[in-house]
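Visitor: My structure file target_3.pdb, PDB, C-alpha atoms and all ligand atoms, is below:
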ATOM      1  CA  MET G  20     108.744  97.978 120.604
ATOM      2  CA  GLU G  21     111.633  98.877 118.317
ATOM      3  CA  LYS G  22     110.520  99.161 114.696
ATOM      4  CA  LEU G  23     111.542  96.489 112.162
ATOM      5  CA  SER G  24     113.052  98.948 109.695
ATOM      6  CA  ASN G  25     116.726  98.076 110.183
ATOM      7  CA  PRO G  26     118.857  95.033 109.305
ATOM      8  CA  GLN G  27     119.480  93.928 112.938
ATOM      9  CA  LYS G  28     115.802  93.831 113.917
ATOM     10  CA  THR G  29     114.845  92.100 110.655
ATOM     11  CA  ILE G  30     117.506  89.395 111.201
ATOM     12  CA  GLU G  31     116.343  88.970 114.814
ATOM     13  CA  VAL G  32     112.739  88.299 113.715
ATOM     14  CA  ILE G  33     113.803  85.998 110.860
ATOM     15  CA  LYS G  34     115.948  83.954 113.259
ATOM     16  CA  LYS G  35     113.358  83.839 116.043
ATOM     17  CA  TYR G  36     110.798  82.305 113.681
ATOM     18  CA  GLU G  37     113.328  80.370 111.554
ATOM     19  CA  PHE G  38     111.729  82.045 108.569
ATOM     20  CA  ALA G  39     112.984  80.912 105.140
ATOM     21  CA  PHE G  40     112.649  83.516 102.350
ATOM     22  CA  GLN G  41     110.472  82.306  99.484
ATOM     23  CA  LYS G  42     111.821  83.411  96.124
ATOM     24  CA  LYS G  43     108.567  82.349  94.440
ATOM     25  CA  PHE G  44     106.698  85.004  96.481
ATOM     26  CA  GLY G  45     109.137  87.805  95.595
ATOM     27  CA  GLN G  46     110.186  88.301  99.217
ATOM     28  CA  ASN G  47     112.620  91.204  99.563
ATOM     29  CA  PHE G  48     111.977  92.968 102.868
ATOM     30  CA  LEU G  49     112.707  96.657 103.393
ATOM     31  CA  ILE G  50     115.434  97.439 105.937
ATOM     32  CA  ASP G  51     115.886 101.199 105.486
ATOM     33  CA  ALA G  52     113.838 103.645 107.582
ATOM     34  CA  ARG G  53     114.446 106.548 105.155
ATOM     35  CA  VAL G  54     112.838 104.605 102.306
ATOM     36  CA  LEU G  55     109.830 103.784 104.498
ATOM     37  CA  ASP G  56     109.417 107.494 105.351
ATOM     38  CA  LYS G  57     109.551 108.299 101.629
ATOM     39  CA  ILE G  58     106.791 105.785 100.835
ATOM     40  CA  ILE G  59     104.514 107.245 103.546
ATOM     41  CA  ALA G  60     105.212 110.794 102.319
ATOM     42  CA  ALA G  61     104.617 109.881  98.660
ATOM     43  CA  ALA G  62     101.293 108.238  99.529
ATOM     44  CA  GLU G  63     100.273 111.306 101.617
ATOM     45  CA  ILE G  64      98.730 109.098 104.285
ATOM     46  CA  THR G  65      96.645 110.782 106.996
ATOM     47  CA  LYS G  66      94.541 109.483 109.895
ATOM     48  CA  ASP G  67      91.461 109.857 107.629
ATOM     49  CA  ASP G  68      92.803 107.145 105.321
ATOM     50  CA  CYS G  69      92.009 103.474 105.088
ATOM     51  CA  VAL G  70      95.003 101.780 103.461
ATOM     52  CA  VAL G  71      95.149  98.396 101.779
ATOM     53  CA  GLU G  72      98.661  96.954 101.847
ATOM     54  CA  ILE G  73      99.689  94.149  99.492
ATOM     55  CA  GLY G  74     102.233  91.695 100.944
ATOM     56  CA  PRO G  75     103.168  92.926 104.451
ATOM     57  CA  GLY G  76     106.055  90.411 104.798
ATOM     58  CA  ILE G  77     107.114  90.594 108.455
ATOM     59  CA  GLY G  78     105.218  93.896 108.873
ATOM     60  CA  THR G  79     107.969  96.486 108.286
ATOM     61  CA  LEU G  80     105.957  98.875 106.074
ATOM     62  CA  THR G  81     102.762  97.931 107.934
ATOM     63  CA  GLN G  82     104.099  99.469 111.161
ATOM     64  CA  TYR G  83     104.684 102.804 109.379
ATOM     65  CA  LEU G  84     101.250 102.643 107.721
ATOM     66  CA  ALA G  85      99.552 101.853 111.037
ATOM     67  CA  GLU G  86     101.102 104.930 112.641
ATOM     68  CA  ALA G  87     100.116 107.232 109.773
ATOM     69  CA  ALA G  88      96.669 105.911 108.740
ATOM     70  CA  GLY G  89      93.315 105.410 110.433
ATOM     71  CA  GLU G  90      93.044 101.779 109.399
ATOM     72  CA  VAL G  91      95.251  99.278 107.534
ATOM     73  CA  ILE G  92      94.217  96.037 105.847
ATOM     74  CA  SER G  93      97.218  93.903 104.835
ATOM     75  CA  VAL G  94      96.818  90.966 102.452
ATOM     76  CA  GLU G  95      99.622  88.355 102.660
ATOM     77  CA  ILE G  96      99.765  85.099 100.666
ATOM     78  CA  ASP G  97     102.462  83.302 102.713
ATOM     79  CA  LYS G  98     100.916  81.520 105.705
ATOM     80  CA  MET G  99     104.348  81.193 107.369
ATOM     81  CA  LEU G 100     104.317  84.978 107.854
ATOM     82  CA  ILE G 101     100.969  85.115 109.698
ATOM     83  CA  PRO G 102     102.256  84.164 113.200
ATOM     84  CA  ILE G 103     105.163  86.584 112.722
ATOM     85  CA  LEU G 104     102.753  89.404 111.808
ATOM     86  CA  GLU G 105     100.630  88.619 114.881
ATOM     87  CA  ASP G 106     103.746  89.286 116.952
ATOM     88  CA  THR G 107     105.245  92.300 115.122
ATOM     89  CA  LEU G 108     101.875  94.082 114.772
ATOM     90  CA  LYS G 109     100.464  93.332 118.211
ATOM     91  CA  GLU G 110     100.812  96.962 119.295
ATOM     92  CA  TYR G 111      98.796  98.205 116.311
ATOM     93  CA  PRO G 112      95.065  97.587 116.886
ATOM     94  CA  ASN G 113      94.140  99.373 113.622
ATOM     95  CA  VAL G 114      95.710  96.625 111.443
ATOM     96  CA  THR G 115      93.839  93.612 110.025
ATOM     97  CA  VAL G 116      95.902  90.882 108.330
ATOM     98  CA  ILE G 117      94.199  88.687 105.725
ATOM     99  CA  ASN G 118      95.972  85.485 104.625
ATOM    100  CA  GLN G 119      95.002  85.470 100.920
ATOM    101  CA  ASP G 120      96.282  85.894  97.375
ATOM    102  CA  ILE G 121      95.754  89.548  96.390
ATOM    103  CA  LEU G 122      94.710  88.442  92.900
ATOM    104  CA  LYS G 123      91.918  86.276  94.350
ATOM    105  CA  VAL G 124      90.680  88.296  97.320
ATOM    106  CA  ASP G 125      87.432  90.294  96.925
ATOM    107  CA  LEU G 126      88.867  93.792  97.359
ATOM    108  CA  GLU G 127      85.545  95.529  96.755
ATOM    109  CA  GLU G 128      84.094  93.592  99.690
ATOM    110  CA  ILE G 129      87.061  94.617 101.866
ATOM    111  CA  VAL G 130      86.572  98.272 100.905
ATOM    112  CA  ARG G 131      82.826  98.003 101.637
ATOM    113  CA  LYS G 132      83.414  96.354 104.996
ATOM    114  CA  HIS G 133      86.284  98.495 106.259
ATOM    115  CA  ASN G 134      85.665 101.882 104.603
ATOM    116  CA  ASN G 135      81.922 101.902 103.799
ATOM    117  CA  GLY G 136      82.792 101.604 100.092
ATOM    118  CA  ARG G 137      84.720 104.907 100.105
ATOM    119  CA  PRO G 138      87.991 104.894  98.091
ATOM    120  CA  VAL G 139      91.073 103.536  99.847
ATOM    121  CA  LYS G 140      94.781 104.103  99.241
ATOM    122  CA  ILE G 141      96.842 101.135  98.104
ATOM    123  CA  VAL G 142     100.414 101.047  99.389
ATOM    124  CA  ALA G 143     102.928  98.225  98.915
ATOM    125  CA  ASN G 144     106.433  97.036  98.389
ATOM    126  CA  LEU G 145     105.164  94.778  95.613
ATOM    127  CA  PRO G 146     106.250  91.212  94.839
ATOM    128  CA  TYR G 147     107.899  91.955  91.476
ATOM    129  CA  TYR G 148     106.813  88.732  89.752
ATOM    130  CA  ILE G 149     103.196  89.969  89.589
ATOM    131  CA  THR G 150     103.531  93.773  89.512
ATOM    132  CA  THR G 151     101.626  94.328  86.267
ATOM    133  CA  PRO G 152      98.753  91.856  86.953
ATOM    134  CA  ILE G 153      98.216  93.427  90.397
ATOM    135  CA  ILE G 154      98.131  97.013  89.136
ATOM    136  CA  MET G 155      96.008  96.246  86.077
ATOM    137  CA  SER G 156      93.509  94.189  88.067
ATOM    138  CA  LEU G 157      93.097  97.042  90.592
ATOM    139  CA  PHE G 158      92.257  99.370  87.705
ATOM    140  CA  GLU G 159      90.247  97.000  85.528
ATOM    141  CA  LYS G 160      88.087  95.697  88.373
ATOM    142  CA  HIS G 161      87.370  99.331  89.270
ATOM    143  CA  VAL G 162      88.312  98.818  92.928
ATOM    144  CA  PRO G 163      87.536 102.189  94.634
ATOM    145  CA  VAL G 164      91.005 103.705  95.112
ATOM    146  CA  THR G 165      92.317 107.275  95.155
ATOM    147  CA  SER G 166      95.949 106.317  94.641
ATOM    148  CA  ILE G 167      98.346 103.390  94.397
ATOM    149  CA  THR G 168     101.834 104.008  95.833
ATOM    150  CA  VAL G 169     104.114 101.068  95.237
ATOM    151  CA  MET G 170     107.714  99.927  95.124
ATOM    152  CA  VAL G 171     108.381  98.301  91.746
ATOM    153  CA  GLN G 172     111.389  97.518  89.572
ATOM    154  CA  LYS G 173     112.944 100.801  88.409
ATOM    155  CA  GLU G 174     112.568  99.771  84.791
ATOM    156  CA  VAL G 175     108.833  99.064  85.252
ATOM    157  CA  ALA G 176     108.307 102.454  86.949
ATOM    158  CA  GLU G 177     110.008 104.126  83.985
ATOM    159  CA  ARG G 178     107.770 102.268  81.538
ATOM    160  CA  MET G 179     104.658 103.378  83.420
ATOM    161  CA  GLN G 180     105.727 107.028  83.270
ATOM    162  CA  ALA G 181     107.074 107.047  79.673
ATOM    163  CA  GLY G 182     105.638 109.249  76.925
ATOM    164  CA  PRO G 183     105.301 108.652  73.144
ATOM    165  CA  GLY G 184     108.461 108.334  71.076
ATOM    166  CA  THR G 185     110.656 107.146  73.967
ATOM    167  CA  LYS G 186     112.192 103.669  74.222
ATOM    168  CA  ASP G 187     110.226 102.802  77.377
ATOM    169  CA  TYR G 188     106.829 103.780  75.926
ATOM    170  CA  GLY G 189     104.499 100.844  75.420
ATOM    171  CA  ALA G 190     101.220  99.140  76.282
ATOM    172  CA  LEU G 191     101.907  99.454  80.043
ATOM    173  CA  SER G 192     102.491 103.237  79.774
ATOM    174  CA  LEU G 193      99.213 103.725  77.927
ATOM    175  CA  ALA G 194      97.177 101.409  80.160
ATOM    176  CA  VAL G 195      98.461 103.047  83.361
ATOM    177  CA  GLN G 196      98.052 106.576  81.981
ATOM    178  CA  TYR G 197      94.468 105.845  80.902
ATOM    179  CA  TYR G 198      93.599 105.257  84.558
ATOM    180  CA  ALA G 199      96.049 107.400  86.500
ATOM    181  CA  VAL G 200      98.762 110.061  86.615
ATOM    182  CA  PRO G 201     102.137 108.372  87.343
ATOM    183  CA  TYR G 202     104.839 110.071  89.397
ATOM    184  CA  ILE G 203     108.166 108.466  90.367
ATOM    185  CA  ALA G 204     108.756 109.597  93.966
ATOM    186  CA  ALA G 205     112.105 107.893  94.698
ATOM    187  CA  ASN G 206     114.755 105.578  93.300
ATOM    188  CA  VAL G 207     115.769 102.847  95.732
ATOM    189  CA  PRO G 208     119.050 100.855  95.498
ATOM    190  CA  PRO G 209     119.272  97.080  96.186
ATOM    191  CA  ASN G 210     121.004  97.543  99.577
ATOM    192  CA  CYS G 211     117.738  98.830 101.105
ATOM    193  CA  PHE G 212     116.283  95.283 100.959
ATOM    194  CA  MET G 213     116.945  91.906 102.552
ATOM    195  CA  PRO G 214     117.786  89.804 100.608
ATOM    196  CA  ARG G 215     119.128  92.257  98.024
ATOM    197  CA  PRO G 216     117.377  92.139  94.645
ATOM    198  CA  LYS G 217     119.621  92.110  91.544
ATOM    199  CA  ILE G 218     117.996  95.232  90.085
ATOM    200  CA  GLY G 219     117.210  98.775  91.185
ATOM    201  CA  SER G 220     113.735  99.716  92.426
ATOM    202  CA  ALA G 221     111.575 102.820  92.478
ATOM    203  CA  VAL G 222     108.587 104.122  94.406
ATOM    204  CA  ILE G 223     105.844 105.197  92.012
ATOM    205  CA  ARG G 224     102.589 106.891  92.891
ATOM    206  CA  LEU G 225      99.627 106.439  90.536
ATOM    207  CA  THR G 226      96.926 109.009  91.259
ATOM    208  CA  LYS G 227      93.660 107.753  89.811
ATOM    209  CA  HIS G 228      91.831 110.029  87.340
ATOM    210  CA  GLU G 229      88.282 110.849  88.411
ATOM    211  CA  ILE G 230      87.308 110.456  84.774
ATOM    212  CA  PRO G 231      89.566 108.934  82.095
ATOM    213  CA  PRO G 232      91.502 111.569  80.094
ATOM    214  CA  VAL G 233      90.018 110.235  76.840
ATOM    215  CA  GLN G 234      86.506 109.081  76.033
ATOM    216  CA  VAL G 235      86.072 106.086  73.724
ATOM    217  CA  LYS G 236      83.005 104.250  72.441
ATOM    218  CA  ASN G 237      84.598 100.873  73.184
ATOM    219  CA  GLU G 238      87.159 100.780  76.044
ATOM    220  CA  ASN G 239      87.779  97.082  75.497
ATOM    221  CA  MET G 240      88.702  97.663  71.845
ATOM    222  CA  LEU G 241      91.016 100.556  72.829
ATOM    223  CA  PHE G 242      93.051  98.165  74.990
ATOM    224  CA  LYS G 243      93.087  95.499  72.253
ATOM    225  CA  MET G 244      94.398  98.111  69.789
ATOM    226  CA  ILE G 245      97.112  99.212  72.229
ATOM    227  CA  ARG G 246      98.232  95.623  72.912
ATOM    228  CA  ALA G 247      98.261  94.713  69.213
ATOM    229  CA  SER G 248     100.249  97.841  68.292
ATOM    230  CA  PHE G 249     103.070  97.043  70.703
ATOM    231  CA  ASN G 250     103.100  93.247  70.288
ATOM    232  CA  GLN G 251     105.147  93.659  67.153
ATOM    233  CA  ARG G 252     107.030  96.786  68.062
ATOM    234  CA  ARG G 253     109.226  96.875  64.976
ATOM    235  CA  LYS G 254     106.335  96.595  62.551
ATOM    236  CA  THR G 255     104.223  99.494  61.314
ATOM    237  CA  LEU G 256     100.944 100.101  63.124
ATOM    238  CA  VAL G 257      98.998  98.809  60.093
ATOM    239  CA  ASN G 258     100.853  95.479  60.101
ATOM    240  CA  GLY G 259     100.751  95.140  63.891
ATOM    241  CA  LEU G 260      96.971  95.592  63.912
ATOM    242  CA  ASN G 261      96.411  93.497  60.797
ATOM    243  CA  ASN G 262      98.444  90.562  62.208
ATOM    244  CA  SER G 263      96.608  90.532  65.543
ATOM    245  CA  PRO G 264      93.824  87.947  66.023
ATOM    246  CA  GLU G 265      92.216  90.398  68.503
ATOM    247  CA  ILE G 266      91.588  93.068  65.856
ATOM    248  CA  PRO G 267      88.596  92.315  63.612
ATOM    249  CA  TYR G 268      89.304  94.963  60.912
ATOM    250  CA  SER G 269      90.812  94.461  57.461
ATOM    251  CA  LYS G 270      94.061  96.069  56.362
ATOM    252  CA  ALA G 271      92.112  98.392  54.029
ATOM    253  CA  GLU G 272      89.840  99.521  56.878
ATOM    254  CA  ILE G 273      92.836 100.181  59.123
ATOM    255  CA  ILE G 274      94.587 102.220  56.416
ATOM    256  CA  GLU G 275      91.412 104.215  55.757
ATOM    257  CA  ALA G 276      90.992 104.976  59.469
ATOM    258  CA  LEU G 277      94.644 106.057  59.716
ATOM    259  CA  HIS G 278      94.208 108.432  56.771
ATOM    260  CA  SER G 279      90.986 109.862  58.262
ATOM    261  CA  ALA G 280      92.849 110.492  61.525
ATOM    262  CA  GLY G 281      95.571 112.332  59.578
ATOM    263  CA  PHE G 282      98.360 109.728  59.946
ATOM    264  CA  SER G 283     100.683 108.183  57.401
ATOM    265  CA  GLU G 284     100.172 104.453  56.841
ATOM    266  CA  ASN G 285     103.854 103.927  57.768
ATOM    267  CA  ILE G 286     103.413 105.241  61.303
ATOM    268  CA  ARG G 287     104.426 103.012  64.254
ATOM    269  CA  GLY G 288     102.364 102.521  67.402
ATOM    270  CA  GLU G 289     105.063 104.059  69.578
ATOM    271  CA  ALA G 290     104.465 107.466  67.933
ATOM    272  CA  LEU G 291     100.794 107.674  68.979
ATOM    273  CA  THR G 292      99.486 109.345  72.125
ATOM    274  CA  LEU G 293      96.594 107.962  74.167
ATOM    275  CA  GLU G 294      94.277 110.553  72.562
ATOM    276  CA  GLN G 295      95.366 109.414  69.085
ATOM    277  CA  PHE G 296      94.819 105.730  69.946
ATOM    278  CA  ALA G 297      91.332 106.684  71.188
ATOM    279  CA  LYS G 298      90.546 108.596  67.988
ATOM    280  CA  LEU G 299      91.719 105.713  65.802
ATOM    281  CA  THR G 300      89.701 103.191  67.836
ATOM    282  CA  ASP G 301      86.547 105.303  67.510
ATOM    283  CA  LEU G 302      87.059 105.631  63.761
ATOM    284  CA  LEU G 303      87.398 101.861  63.370
ATOM    285  CA  CYS G 304      84.495 101.044  65.709
TER
HETATM  286  N1  LIG D   1     106.025  94.693 102.761
HETATM  287  C1  LIG D   1     107.199  93.940 103.122
HETATM  288  C2  LIG D   1     108.401  94.835 103.164
HETATM  289  O1  LIG D   1     108.344  95.892 102.529
HETATM  290  O2  LIG D   1     109.382  94.509 103.803
HETATM  291  C3  LIG D   1     107.424  92.748 102.171
HETATM  292  C4  LIG D   1     107.497  93.075 100.704
HETATM  293  S1  LIG D   1     107.985  91.719  99.692
HETATM  294  C5  LIG D   1     108.719  92.567  98.310
HETATM  295  C6  LIG D   1     106.469  91.145  98.917
HETATM  296  C7  LIG D   1     105.468  90.498  99.835
HETATM  297  O3  LIG D   1     104.319  90.111  99.076
HETATM  298  C8  LIG D   1     105.949  89.209 100.498
HETATM  299  O4  LIG D   1     105.617  89.218 101.851
HETATM  300  C9  LIG D   1     105.204  88.094  99.768
HETATM  301  O5  LIG D   1     105.016  86.940 100.554
HETATM  302  C10 LIG D   1     103.897  88.800  99.439
HETATM  303  N2  LIG D   1     103.165  88.240  98.281
HETATM  304  C11 LIG D   1     103.666  87.643  97.173
HETATM  305  N3  LIG D   1     102.682  87.286  96.327
HETATM  306  C12 LIG D   1     101.517  87.692  96.894
HETATM  307  C13 LIG D   1     100.148  87.587  96.511
HETATM  308  N4  LIG D   1      99.795  87.032  95.339
HETATM  309  N5  LIG D   1      99.207  88.072  97.347
HETATM  310  C14 LIG D   1      99.564  88.643  98.545
HETATM  311  N6  LIG D   1     100.841  88.765  98.957
HETATM  312  C15 LIG D   1     101.816  88.297  98.150
END
Give the structure from this file in C-alpha cells form.
Guide:
Amino acid sequence: MEKLSNPQKTIEVIKKYEFAFQKKFGQNFLIDARVLDKIIAAAEITKDDCVVEIGPGIGTLTQYLAEAAGEVISVEIDKMLIPILEDTLKEYPNVTVINQDILKVDLEEIVRKHNNGRPVKIVANLPYYITTPIIMSLFEKHVPVTSITVMVQKEVAERMQAGPGTKDYGALSLAVQYYAVPYIAANVPPNCFMPRPKIGSAVIRLTKHEIPPVQVKNENMLFKMIRASFNQRRKTLVNGLNNSPEIPYSKAEIIEALHSAGFSENIRGEALTLEQFAKLTDLLC
C-alpha cells in the first residue's frame, strides 16, 4: 500500500471517508515524507522500542513508526478517525489504536501491559491546543519514558529550549528543563500540513533526565515559586512571589532568603537559573 505521506494520498483517504477536519481537535495532518523521516530520526526509533503515539489522525506518522519500532500504541480522541485507521494501518500488525483522550487514558497501565513497565518513547505531531498540558502531565505523572519527540508550535519549542535572560525564558523552560534536555531537531513550515496551520512548527526532542539536575527538599514548592515568578514578569522577584497566593512566605522572609542566596532584592525571575530557583526554594522551605 502506498504510504499516506503525500497530499494526493491524504486527499484520497479524506474523500473516501468524507472526513471533516475538526478544528477543536487541532487536526493538521502531515503530508511531507521528509518531515516524517526527520521525526523518526530525531526520536532514534529502533525495533527494540515500544512507542506511544498521541493523535494518529489518519495514520500518516503511525505508518512510519510501525516500520521503525517493535510496537506502537496510538491514542486518538476522534472516533470518526477509528474506521479510517483500521483501513490505513491494516498492514501493520504491531499497531494498537486506542480511542481515548490522552489526558484521561491510564498511560502507566498501557506501558505495563505493552512494555512490561519498561520506559517507552513518546512520538507525536501534537494537537497544539493542549501541547503544554500533555507534556507536563507526562512528566508530572512520572509515566516511564526515555524521550518525548513531538511536533509543536515553533514558538513553544523555543520557549522550552530557552535559557535565563532571554525573552523566551519562562516557567515552561524551567519545568521542561527540570525533567529533560530539550533539543530542536527541525523547523517545519506550514505547507507540510493539511490543512495549513497559520504558524510555523518545530520538532523538539525532550530526553528525560535519569535524575533531576537539581535536588530540592520540596519539588512542589519549587514549581509554585517558578510559576509565581513568571506570572508577573515585569515585577521584581520579591513582588511576584509576595503577590502570589501560592507562596506562603512574607516579603521580609523572601528578601532575607534572596540576600542569603547572594541576590539583590531587585532581581527579576527571568535572571535566575534552575539551580538558583532550587537554592532559593530550599532557603525558604
Ligand atoms: N499524527 C497525525 C499526523 O501527523 O498527520 C495527526 C496529527 S494532528 C496535529 C493531532 C491529532 O491529535 C488529531 O488526530 C486529533 O484528533 C488528535 N487529538 C486531539 N486531541 C486529542 C486528545 N486529547 N487525545 C488524543 N488525541 C487527540
Visitor: For segment 255-257 of chain G, list every protein, DNA or RNA residue within 10 Å, evaluated using all atoms listed in the file, and leave out those in the same chain fewer than 5 positions away; present the list as a PyMOL selection string.
Guide: chain G and resi 244-245+247-249+262+269-274+277+283-291
Visitor: If the PyMOL selection byres (((chain G and resi 74) around 12) and not hetatm) were run on this exact file, what residues would it hold? Put them as a short mmCIF file (atom, residue, chain, number, x, y, z; two decimals) with C-alpha atoms, in the frame of the given file.
Guide:
data_model
loop_
_atom_site.label_atom_id
_atom_site.label_comp_id
_atom_site.auth_asym_id
_atom_site.auth_seq_id
_atom_site.Cartn_x
_atom_site.Cartn_y
_atom_site.Cartn_z
CA PHE G 44 106.70 85.00 96.48
CA GLY G 45 109.14 87.80 95.60
CA GLN G 46 110.19 88.30 99.22
CA ASN G 47 112.62 91.20 99.56
CA PHE G 48 111.98 92.97 102.87
CA LEU G 49 112.71 96.66 103.39
CA VAL G 71 95.15 98.40 101.78
CA GLU G 72 98.66 96.95 101.85
CA ILE G 73 99.69 94.15 99.49
CA PRO G 75 103.17 92.93 104.45
CA GLY G 76 106.06 90.41 104.80
CA ILE G 77 107.11 90.59 108.46
CA GLY G 78 105.22 93.90 108.87
CA THR G 79 107.97 96.49 108.29
CA LEU G 80 105.96 98.88 106.07
CA THR G 81 102.76 97.93 107.93
CA ILE G 92 94.22 96.04 105.85
CA SER G 93 97.22 93.90 104.84
CA VAL G 94 96.82 90.97 102.45
CA GLU G 95 99.62 88.36 102.66
CA ILE G 96 99.76 85.10 100.67
CA ASP G 97 102.46 83.30 102.71
CA LYS G 98 100.92 81.52 105.70
CA LEU G 100 104.32 84.98 107.85
CA ILE G 101 100.97 85.12 109.70
CA LEU G 104 102.75 89.40 111.81
CA VAL G 116 95.90 90.88 108.33
CA ILE G 117 94.20 88.69 105.72
CA ASN G 118 95.97 85.48 104.62
CA GLN G 119 95.00 85.47 100.92
CA ASP G 120 96.28 85.89 97.38
CA ILE G 121 95.75 89.55 96.39
CA LEU G 122 94.71 88.44 92.90
CA ILE G 141 96.84 101.14 98.10
CA VAL G 142 100.41 101.05 99.39
CA ALA G 143 102.93 98.22 98.92
CA ASN G 144 106.43 97.04 98.39
CA LEU G 145 105.16 94.78 95.61
CA PRO G 146 106.25 91.21 94.84
CA TYR G 147 107.90 91.96 91.48
CA ILE G 149 103.20 89.97 89.59
CA THR G 150 103.53 93.77 89.51
CA ILE G 153 98.22 93.43 90.40
CA VAL G 169 104.11 101.07 95.24
CA MET G 170 107.71 99.93 95.12
#
Visitor: Give the padded box for ligand LIG 1 (chain D) as JSON: axis-aligned, covering all atoms listed in the file, 6 Å on each side, centre and edge lengths in Å to one decimal.
Guide:
{"center_x": 104.3, "center_y": 91.4, "center_z": 99.6, "size_x": 22.2, "size_y": 21.0, "size_z": 20.5}
Visitor: With the file shown as input, list the residues that the PyMOL selection byres (((chain G and resi 70) around 12) and not hetatm) selects, as an MDAnalysis selection string.
Guide: chainID G and resid 59 62:69 71:73 80:81 83:94 113:116 126 129:130 133:134 137:143 163:168
Visitor: Running the PyMOL selection byres (((chain G and resi 182) around 10) and not hetatm) on this model by hand, what would come out? Give it as a PDB file with C-alpha atoms, in the coordinates of the input.
Guide:
ATOM      1  CA  GLU G 177     110.008 104.126  83.985  1.00  0.00           C
ATOM      2  CA  ARG G 178     107.770 102.268  81.538  1.00  0.00           C
ATOM      3  CA  MET G 179     104.658 103.378  83.420  1.00  0.00           C
ATOM      4  CA  GLN G 180     105.727 107.028  83.270  1.00  0.00           C
ATOM      5  CA  ALA G 181     107.074 107.047  79.673  1.00  0.00           C
ATOM      6  CA  PRO G 183     105.301 108.652  73.144  1.00  0.00           C
ATOM      7  CA  GLY G 184     108.461 108.334  71.076  1.00  0.00           C
ATOM      8  CA  THR G 185     110.656 107.146  73.967  1.00  0.00           C
ATOM      9  CA  LYS G 186     112.192 103.669  74.222  1.00  0.00           C
ATOM     10  CA  ASP G 187     110.226 102.802  77.377  1.00  0.00           C
ATOM     11  CA  TYR G 188     106.829 103.780  75.926  1.00  0.00           C
ATOM     12  CA  GLY G 189     104.499 100.844  75.420  1.00  0.00           C
ATOM     13  CA  SER G 192     102.491 103.237  79.774  1.00  0.00           C
ATOM     14  CA  LEU G 193      99.213 103.725  77.927  1.00  0.00           C
ATOM     15  CA  GLN G 196      98.052 106.576  81.981  1.00  0.00           C
ATOM     16  CA  GLU G 289     105.063 104.059  69.578  1.00  0.00           C
ATOM     17  CA  ALA G 290     104.465 107.466  67.933  1.00  0.00           C
ATOM     18  CA  LEU G 291     100.794 107.674  68.979  1.00  0.00           C
ATOM     19  CA  THR G 292      99.486 109.345  72.125  1.00  0.00           C
ATOM     20  CA  LEU G 293      96.594 107.962  74.167  1.00  0.00           C
TER      21      LEU G 293
END
Visitor: Need to verify the contact set: Lys217 of chain G, 12 Å, only C-alpha atoms, exclusion of same-chain residues closer than 4 positions in sequence. Can you return it as a ChimeraX atom specification?
Guide: /G:47,147,172-173,208-213
